[in-house]
Structure formats: structure tokens, C-alpha cells
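Have a look at query.csv below; it lists CSV, C-alpha atoms.
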chain,number,residue,atom,x,y,z
A,906,MET,CA,115.1,99.9,92.4
A,907,ASN,CA,112.2,102.0,93.5
A,908,GLU,CA,113.2,104.9,95.7
A,909,SER,CA,110.8,106.3,98.4
A,910,LYS,CA,109.7,109.7,97.2
A,911,ASN,CA,108.6,112.6,99.3
A,912,TRP,CA,106.4,114.1,96.6
A,913,SER,CA,103.6,113.1,94.2
A,914,GLU,CA,103.8,114.1,90.5
A,915,LEU,CA,101.0,114.0,87.9
A,916,LYS,CA,100.5,114.9,84.3
A,917,LEU,CA,97.3,116.6,83.2
A,918,LYS,CA,96.4,116.7,79.5
A,919,ASP,CA,93.6,118.9,78.3
A,920,GLY,CA,93.5,118.9,74.5
A,921,ALA,CA,96.9,120.0,73.2
A,922,LYS,CA,97.8,121.4,76.6
A,923,GLU,CA,99.9,119.3,78.9
A,924,ASP,CA,101.1,120.3,82.4
A,925,ILE,CA,103.0,118.8,85.3
A,926,PHE,CA,101.9,119.2,88.9
A,927,CYS,CA,103.9,118.2,92.0
A,928,PHE,CA,102.7,118.1,95.6
A,929,ARG,CA,104.9,117.7,98.7
A,930,THR,CA,104.2,117.9,102.4
A,931,LEU,CA,104.3,121.3,104.1
A,932,GLU,CA,107.5,122.1,105.9
A,933,GLU,CA,108.6,124.9,108.2
A,934,LYS,CA,110.9,126.1,105.5
A,935,ASP,CA,107.8,127.2,103.6
A,936,VAL,CA,107.1,130.1,106.0
A,937,GLU,CA,108.5,132.8,103.6
A,938,LEU,CA,106.5,131.5,100.7
A,939,LEU,CA,103.3,131.4,102.7
A,940,TYR,CA,104.0,134.8,104.2
A,941,ASP,CA,104.1,136.2,100.7
A,942,TRP,CA,100.9,134.5,99.7
A,943,MET,CA,99.0,135.3,102.9
A,944,HIS,CA,99.7,139.0,102.4
A,945,GLN,CA,98.3,139.1,98.8
A,946,LYS,CA,95.1,141.1,98.4
A,947,HIS,CA,93.3,138.2,96.7
A,948,ILE,CA,94.1,135.9,99.7
A,949,SER,CA,94.3,137.9,102.9
A,950,PRO,CA,90.5,138.7,103.2
A,951,PHE,CA,89.7,134.9,102.9
A,952,TRP,CA,92.4,133.3,105.0
A,953,LYS,CA,93.0,136.1,107.5
A,954,LEU,CA,96.6,134.9,108.1
A,955,ASN,CA,98.4,138.1,107.0
A,956,LEU,CA,100.4,137.9,110.3
A,957,PRO,CA,103.9,139.0,111.2
A,958,VAL,CA,106.4,136.4,110.1
A,959,GLU,CA,107.1,134.9,113.5
A,960,GLU,CA,103.4,134.5,114.2
A,961,LEU,CA,103.0,132.8,110.9
A,962,ARG,CA,106.0,130.6,111.6
A,963,SER,CA,104.3,129.4,114.8
A,964,TRP,CA,101.1,128.7,112.8
A,965,VAL,CA,103.0,126.7,110.2
A,966,ARG,CA,104.8,124.7,112.9
A,967,LYS,CA,101.5,123.8,114.5
A,968,SER,CA,100.1,122.8,111.1
A,969,VAL,CA,103.1,120.6,110.4
A,970,GLU,CA,102.7,118.8,113.7
A,971,ALA,CA,98.9,118.5,113.6
A,972,ASP,CA,97.5,115.0,113.5
A,973,HIS,CA,94.0,116.0,112.2
A,974,LYS,CA,95.2,117.6,108.9
A,975,ASP,CA,97.9,117.3,106.3
A,976,GLY,CA,99.3,120.3,104.4
A,977,TYR,CA,100.9,120.3,101.0
A,978,ILE,CA,102.7,122.8,98.7
A,979,GLY,CA,101.9,122.3,95.0
A,980,THR,CA,103.9,123.3,91.9
A,981,TYR,CA,102.7,123.9,88.4
A,982,ASN,CA,105.3,123.2,85.7
A,983,GLY,CA,108.0,123.8,88.4
A,984,GLU,CA,106.6,127.0,89.9
A,985,PRO,CA,105.2,127.0,93.5
A,986,VAL,CA,101.6,127.9,93.1
A,987,CYS,CA,99.3,126.5,95.8
A,988,TYR,CA,98.8,125.5,99.4
A,989,LEU,CA,96.4,122.5,100.0
A,990,ILE,CA,95.1,121.2,103.2
A,991,ALA,CA,93.4,117.8,103.7
A,992,TYR,CA,91.6,117.5,107.1
A,993,ALA,CA,89.6,115.0,109.1
A,994,ILE,CA,85.9,115.8,109.1
A,995,GLU,CA,85.5,114.0,112.4
A,996,LYS,CA,87.8,116.5,114.2
A,997,ASP,CA,86.5,119.7,112.5
A,998,PRO,CA,83.5,121.9,113.3
A,999,ILE,CA,82.2,121.4,109.7
A,1000,LYS,CA,80.9,118.1,110.8
A,1001,GLY,CA,78.0,119.8,112.5
A,1002,TYR,CA,76.9,121.7,109.4
A,1003,TYR,CA,75.9,118.8,107.1
A,1004,HIS,CA,75.0,115.1,107.0
A,1005,ASP,CA,78.5,113.6,107.0
A,1006,GLN,CA,79.3,110.2,105.6
A,1007,SER,CA,82.1,107.7,106.0
A,1008,GLY,CA,84.8,108.5,103.5
A,1009,ASP,CA,84.3,112.3,103.6
A,1010,LEU,CA,87.6,114.3,103.5
A,1011,GLY,CA,87.8,118.0,104.2
A,1012,MET,CA,89.8,120.4,101.9
A,1013,HIS,CA,91.1,123.9,102.0
A,1014,LEU,CA,92.9,125.3,99.0
A,1015,LEU,CA,94.9,128.5,98.2
A,1016,ILE,CA,96.2,129.6,94.8
A,1017,GLY,CA,99.1,131.9,95.4
A,1018,PRO,CA,100.1,133.8,92.2
A,1019,ARG,CA,97.3,136.2,91.2
A,1020,HIS,CA,97.9,135.7,87.5
A,1021,LEU,CA,96.8,132.1,87.8
A,1022,LEU,CA,93.3,133.0,89.0
A,1023,ASN,CA,91.8,132.7,85.5
A,1024,LYS,CA,89.5,130.0,84.3
A,1025,GLU,CA,92.0,128.0,82.4
A,1026,ASP,CA,94.8,127.9,84.9
A,1027,GLY,CA,92.5,127.8,87.9
A,1028,LEU,CA,90.6,124.9,86.5
A,1029,SER,CA,93.7,122.9,85.8
A,1030,LEU,CA,95.1,123.6,89.3
A,1031,VAL,CA,91.8,122.6,91.1
A,1032,ARG,CA,91.6,119.4,89.0
A,1033,ALA,CA,95.1,118.5,89.9
A,1034,MET,CA,94.6,119.2,93.6
A,1035,ILE,CA,91.4,117.1,93.8
A,1036,TYR,CA,92.9,114.3,91.7
A,1037,PHE,CA,95.9,114.2,94.1
A,1038,LEU,CA,93.6,114.0,97.1
A,1039,PHE,CA,91.5,111.2,95.8
A,1040,ASP,CA,94.6,109.3,94.8
A,1041,ARG,CA,96.3,109.8,98.2
A,1042,TYR,CA,93.3,109.2,100.5
A,1043,PRO,CA,90.6,106.5,100.3
A,1044,ALA,CA,88.0,109.3,100.1
A,1045,LYS,CA,84.6,109.0,98.6
A,1046,ARG,CA,83.7,112.7,98.8
A,1047,ILE,CA,85.7,115.9,99.3
A,1048,ILE,CA,84.1,118.7,101.3
A,1049,GLY,CA,85.0,122.3,100.7
A,1050,GLU,CA,83.7,125.5,102.4
A,1051,PRO,CA,85.0,128.4,100.5
A,1052,ASP,CA,84.0,132.0,101.5
A,1053,ARG,CA,80.8,132.7,99.7
A,1054,ARG,CA,82.4,135.8,98.2
A,1055,ASN,CA,84.9,133.7,96.3
A,1056,ARG,CA,83.6,134.1,92.7
A,1057,ILE,CA,86.5,132.2,91.1
A,1058,VAL,CA,86.9,129.0,93.2
A,1059,ILE,CA,83.2,128.2,93.7
A,1060,PRO,CA,82.3,128.1,90.0
A,1061,ILE,CA,85.4,125.9,89.4
A,1062,LEU,CA,84.5,123.5,92.1
A,1063,LYS,CA,81.0,123.2,90.6
A,1064,GLU,CA,82.6,122.6,87.1
A,1065,VAL,CA,84.6,119.7,88.5
A,1066,GLY,CA,81.6,117.9,89.9
A,1067,GLY,CA,81.0,119.7,93.1
A,1068,GLU,CA,77.5,120.3,94.4
A,1069,ASN,CA,76.7,123.5,96.2
A,1070,LEU,CA,74.5,122.7,99.2
A,1071,GLY,CA,74.0,126.3,100.2
A,1072,ARG,CA,75.4,128.8,102.6
A,1073,ILE,CA,76.6,128.1,106.1
A,1074,ASP,CA,77.7,130.4,108.9
A,1075,LEU,CA,81.1,129.4,110.1
A,1076,GLN,CA,83.2,131.2,112.7
A,1077,GLY,CA,84.5,134.3,111.0
A,1078,LYS,CA,82.9,133.8,107.6
A,1079,GLN,CA,79.8,132.9,105.6
A,1080,ALA,CA,80.7,130.0,103.4
A,1081,SER,CA,79.3,127.9,100.5
A,1082,LEU,CA,79.3,124.2,101.4
A,1083,ILE,CA,80.5,122.3,98.4
A,1084,VAL,CA,80.4,118.5,98.3
A,1085,GLY,CA,82.2,116.7,95.5
A,1086,ALA,CA,81.8,112.9,95.0
A,1087,LYS,CA,84.7,111.0,93.5
A,1088,GLU,CA,82.4,109.5,90.8
A,1089,ALA,CA,81.2,113.0,89.8
A,1090,PHE,CA,84.7,114.3,89.6
A,1091,GLU,CA,85.8,111.5,87.4
A,1092,HIS,CA,82.7,111.9,85.2
A,1093,SER,CA,83.6,115.6,84.8
A,1094,LEU,CA,87.1,114.7,83.5
A,1095,ARG,CA,85.7,112.2,81.0
A,1096,ASP,CA,83.0,114.7,79.8
A,1097,ASN,CA,85.7,117.3,79.1
A,1098,GLY,CA,88.3,115.0,77.6
A,1099,VAL,CA,90.8,115.6,80.4
A,1100,GLU,CA,93.4,112.9,81.1
A,1101,ILE,CA,95.4,112.8,84.3
A,1102,GLU,CA,98.2,110.3,84.9
A,1103,MET,CA,99.9,109.9,88.3
A,1104,LEU,CA,103.7,109.7,87.6
A,1105,THR,CA,105.1,109.4,91.1
A,1106,ARG,CA,103.4,108.8,94.5
A,1107,MET,CA,104.9,110.0,97.8
A,1108,ALA,CA,105.4,107.7,100.7
A,1109,SER,CA,102.6,107.1,103.2
A,1110,SER,CA,101.3,110.0,105.1
A,1111,LYS,CA,102.4,110.6,108.7
A,1112,SER,CA,98.7,110.5,109.7
A,1113,GLU,CA,95.6,108.7,108.7
A,1114,LEU,CA,92.8,111.2,108.2
A,1115,LEU,CA,90.4,108.5,107.1
A,1116,VAL,CA,90.1,105.2,108.9
How would this structure read if it were set down as C-alpha cells?
Amino acid sequence: MNESKNWSELKLKDGAKEDIFCFRTLEEKDVELLYDWMHQKHISPFWKLNLPVEELRSWVRKSVEADHKDGYIGTYNGEPVCYLIAYAIEKDPIKGYYHDQSGDLGMHLLIGPRHLLNKEDGLSLVRAMIYFLFDRYPAKRIIGEPDRRNRIVIPILKEVGGENLGRIDLQGKQASLIVGAKEAFEHSLRDNGVEIEMLTRMASSKSELLV
């Protein structure tokens, strides 16, 4: 009998290296975890959410209840490591900064533990996050707008098939607009001999970001 799961699990194999990633929906219980991450020196300048815990709790509650975005906590071989947001382009200011297309899905990502911000682990994490989003949503492209100062995430996004369309001025930051087509992402996996297998899929999302 198939049980309804509240998480997605995938296996990523890169040469002899094999890792397990899980993603589950954001919950209010994650406030302490996010509080720790948002106060890290490699995160706070970009996210600007190094708030007092009760203010962050309110932000998390609003995020959980929002109908224009879905938040996820990701684990890497059992360790909580990342926060991932999928959002509707139609309801976000980013829509006015590029030529949007049907099937575009917005993405924000955060890697919590500082020791994972290296090329090998960072690349595996981003591959897993993007694979999860393409598997979960009927997206044709994923749109990212990392801070232009982010010298770790931007090169990784380009390595997994993203195209840098240049700098844009968003409220509170200068960003690089990265557009990643599903086909380009899959091509990058094949070219690098990376295999990803979805082991478990969570139940349907509470909201439909793409219609």
C-alpha cells in the first residue's frame, strides 16, 4: 500500500559519490533553524533577515500561509542544509525585469552550513534543488536573481545550465538574472555523467504556482 508522504527524497550519483537529499515543506517549527542560518555571516548580507526571533517567527508564519510561494527545508544525507523557495512569477516584481514566458518558475535558495559552500557540495546541493523543482512543478524554466556579489552560487547556476542575462536593480539589491531551461539543466547532467533518481514524491502542493 502506498502511503502519502510529506517529503520528497532523491538519490544523486556523481561518479563514485552517492548522496541522498530530502525536501519537505516549510513549517513554523523551523523558526530556530532559520534563525541560526539567517544570522550567519555568509547569509545575512544577502537575505537581510537577521531579525529577532519573534519577528522571524512572524515572517515564517506568513511564508507558510502565502499562496504565491512554497517554501522547503532540504537535508543532505540526513543533515538540514538548505532553504528553498519556489514562487509564482506572475505575482512577483521580477516579472517586470525580463521577458517572461508561460512555464517560468521563480526560485530563491539558501545554503545554511558554511562548510558546504564549496564547489563539490554546493554543486550537488543546487543540482538536487533544481531537479526537485522541475520534478514537482510543470516548469519549463527556473528563474533566479541572486545578489551579484554572490561568487559561489552564480557560477554554480551557470554550470548547471543557467544563462546569466545580466544585472538588474531590485529593491534592496543589485542582482544577476539567471534563467535556466529544463532542457539545458538535463543536458548539463548528462554531460557530467550525473544521475539523479527520485525515490519518493510528496503529496500535491497546497498551492498551484503554475497553471
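Distances here use only C-alpha atoms; by that measure, the residue among A:Ile1083, A:Ile925, A:Ile948, A:Leu1010 closest to A:Glu995 is A:Leu1010.
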Nearby residues (all atoms listed in the file) at most 9 Å from A:Gly1017, same-chain spacing under 6 positions excluded, as a PDB file with C-alpha atoms, keeping the file's coordinate frame:
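Okay, around.pdb is ready:
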ATOM      1  CA  LEU A 939     103.300 131.400 102.700  1.00  0.00           C
ATOM      2  CA  ASP A 941     104.100 136.200 100.700  1.00  0.00           C
ATOM      3  CA  TRP A 942     100.900 134.500  99.700  1.00  0.00           C
ATOM      4  CA  MET A 943      99.000 135.300 102.900  1.00  0.00           C
ATOM      5  CA  GLN A 945      98.300 139.100  98.800  1.00  0.00           C
ATOM      6  CA  HIS A 947      93.300 138.200  96.700  1.00  0.00           C
ATOM      7  CA  ILE A 948      94.100 135.900  99.700  1.00  0.00           C
ATOM      8  CA  PRO A 985     105.200 127.000  93.500  1.00  0.00           C
ATOM      9  CA  VAL A 986     101.600 127.900  93.100  1.00  0.00           C
ATOM     10  CA  CYS A 987      99.300 126.500  95.800  1.00  0.00           C
ATOM     11  CA  TYR A 988      98.800 125.500  99.400  1.00  0.00           C
TER      12      TYR A 988
END
(message) Counting only C-alpha atoms, I want the residues whose atoms come within 12 Å of (95.0, 109.1, 94.8) in the file frame, returned as a ChimeraX atom specification.
(response) /A:913-915,928,1033-1045,1087,1101-1107,1109
(request) Up to 9 Å from (85.0, 134.3, 100.9) in the file's coordinates: name the residues, counting all atoms listed in the file, as a list in words. (result)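 The residues that fall inside the cut-off are Pro950, Phe951, Trp952, Pro1051, Asp1052, Arg1053, Arg1054, Asn1055, Arg1056, Lys1078, Gln1079, Ala1080 and Ser1081 of chain A.
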(request) Have a look at atom CA of A:Val965 and atom CA of A:Gly979 and let me know their distance in Å, one decimal. (result)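 Taking atom CA of A:Val965 and atom CA of A:Gly979, their separation equals 15.9 Å.
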(request) Figure out the distance between atom CA of A:Arg1072 and atom CA of A:Ala1089, please, to one decimal in Å. (result)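 One can read the atom CA of A:Ala1089 to atom CA of A:Arg1072 distance as 21.1 Å.
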(request) Rank A:Gln1076, A:Ser1007, A:Asn1069, A:Ser1029 by their smallest atom-to-atom distance to A:Val1099, using all atoms listed in the file, and report the top residue only. (result)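 Nearest candidate to A:Val1099 out of A:Gln1076, A:Ser1007, A:Asn1069, A:Ser1029: A:Ser1029.
Using only C-alpha atoms, the nearest neighbour of A:Leu917 within the list A:Val958, A:Ile1073, A:Val1031, A:Leu989 is A:Val1031.
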(message) Just checking: using all atoms listed in the file, which residue out of A:Asn1097, A:Thr980, A:Thr930, A:Asn911 ends up closest to A:Glu1064?
(response) A:Asn1097
How about completing stretch 987-999 of chain A with N, CA and C atoms and giving it to me as a PDB file, in the coordinates of the input?
ATOM      1  N   CYS A 987     100.496 126.752  94.977  1.00  0.00           N
ATOM      2  CA  CYS A 987      99.300 126.500  95.800  1.00  0.00           C
ATOM      3  C   CYS A 987      99.645 125.885  97.146  1.00  0.00           C
ATOM      4  N   TYR A 988      98.743 126.119  98.072  1.00  0.00           N
ATOM      5  CA  TYR A 988      98.800 125.500  99.400  1.00  0.00           C
ATOM      6  C   TYR A 988      97.481 124.706  99.526  1.00  0.00           C
ATOM      7  N   LEU A 989      97.585 123.443  99.916  1.00  0.00           N
ATOM      8  CA  LEU A 989      96.400 122.500 100.000  1.00  0.00           C
ATOM      9  C   LEU A 989      96.407 121.870 101.333  1.00  0.00           C
ATOM     10  N   ILE A 990      95.238 121.847 101.948  1.00  0.00           N
ATOM     11  CA  ILE A 990      95.100 121.200 103.200  1.00  0.00           C
ATOM     12  C   ILE A 990      94.001 120.089 103.081  1.00  0.00           C
ATOM     13  N   ALA A 991      94.339 118.888 103.542  1.00  0.00           N
ATOM     14  CA  ALA A 991      93.400 117.800 103.700  1.00  0.00           C
ATOM     15  C   ALA A 991      93.124 117.649 105.199  1.00  0.00           C
ATOM     16  N   TYR A 992      91.871 117.585 105.620  1.00  0.00           N
ATOM     17  CA  TYR A 992      91.600 117.500 107.100  1.00  0.00           C
ATOM     18  C   TYR A 992      90.519 116.484 107.377  1.00  0.00           C
ATOM     19  N   ALA A 993      90.587 115.985 108.620  1.00  0.00           N
ATOM     20  CA  ALA A 993      89.600 115.000 109.100  1.00  0.00           C
ATOM     21  C   ALA A 993      88.317 115.668 109.463  1.00  0.00           C
ATOM     22  N   ILE A 994      87.238 115.278 108.813  1.00  0.00           N
ATOM     23  CA  ILE A 994      85.900 115.800 109.100  1.00  0.00           C
ATOM     24  C   ILE A 994      85.539 115.575 110.569  1.00  0.00           C
ATOM     25  N   GLU A 995      85.885 114.398 111.076  1.00  0.00           N
ATOM     26  CA  GLU A 995      85.500 114.000 112.400  1.00  0.00           C
ATOM     27  C   GLU A 995      86.026 114.971 113.491  1.00  0.00           C
ATOM     28  N   LYS A 996      87.135 115.658 113.191  1.00  0.00           N
ATOM     29  CA  LYS A 996      87.800 116.500 114.200  1.00  0.00           C
ATOM     30  C   LYS A 996      87.616 118.006 113.820  1.00  0.00           C
ATOM     31  N   ASP A 997      86.638 118.330 112.994  1.00  0.00           N
ATOM     32  CA  ASP A 997      86.500 119.700 112.500  1.00  0.00           C
ATOM     33  C   ASP A 997      85.023 120.160 112.762  1.00  0.00           C
ATOM     34  N   PRO A 998      84.817 121.440 113.063  1.00  0.00           N
ATOM     35  CA  PRO A 998      83.500 121.900 113.300  1.00  0.00           C
ATOM     36  C   PRO A 998      82.523 121.747 112.092  1.00  0.00           C
ATOM     37  N   ILE A 999      83.074 121.595 110.877  1.00  0.00           N
ATOM     38  CA  ILE A 999      82.200 121.400 109.700  1.00  0.00           C
ATOM     39  C   ILE A 999      81.304 120.230 109.817  1.00  0.00           C
TER      40      ILE A 999
END
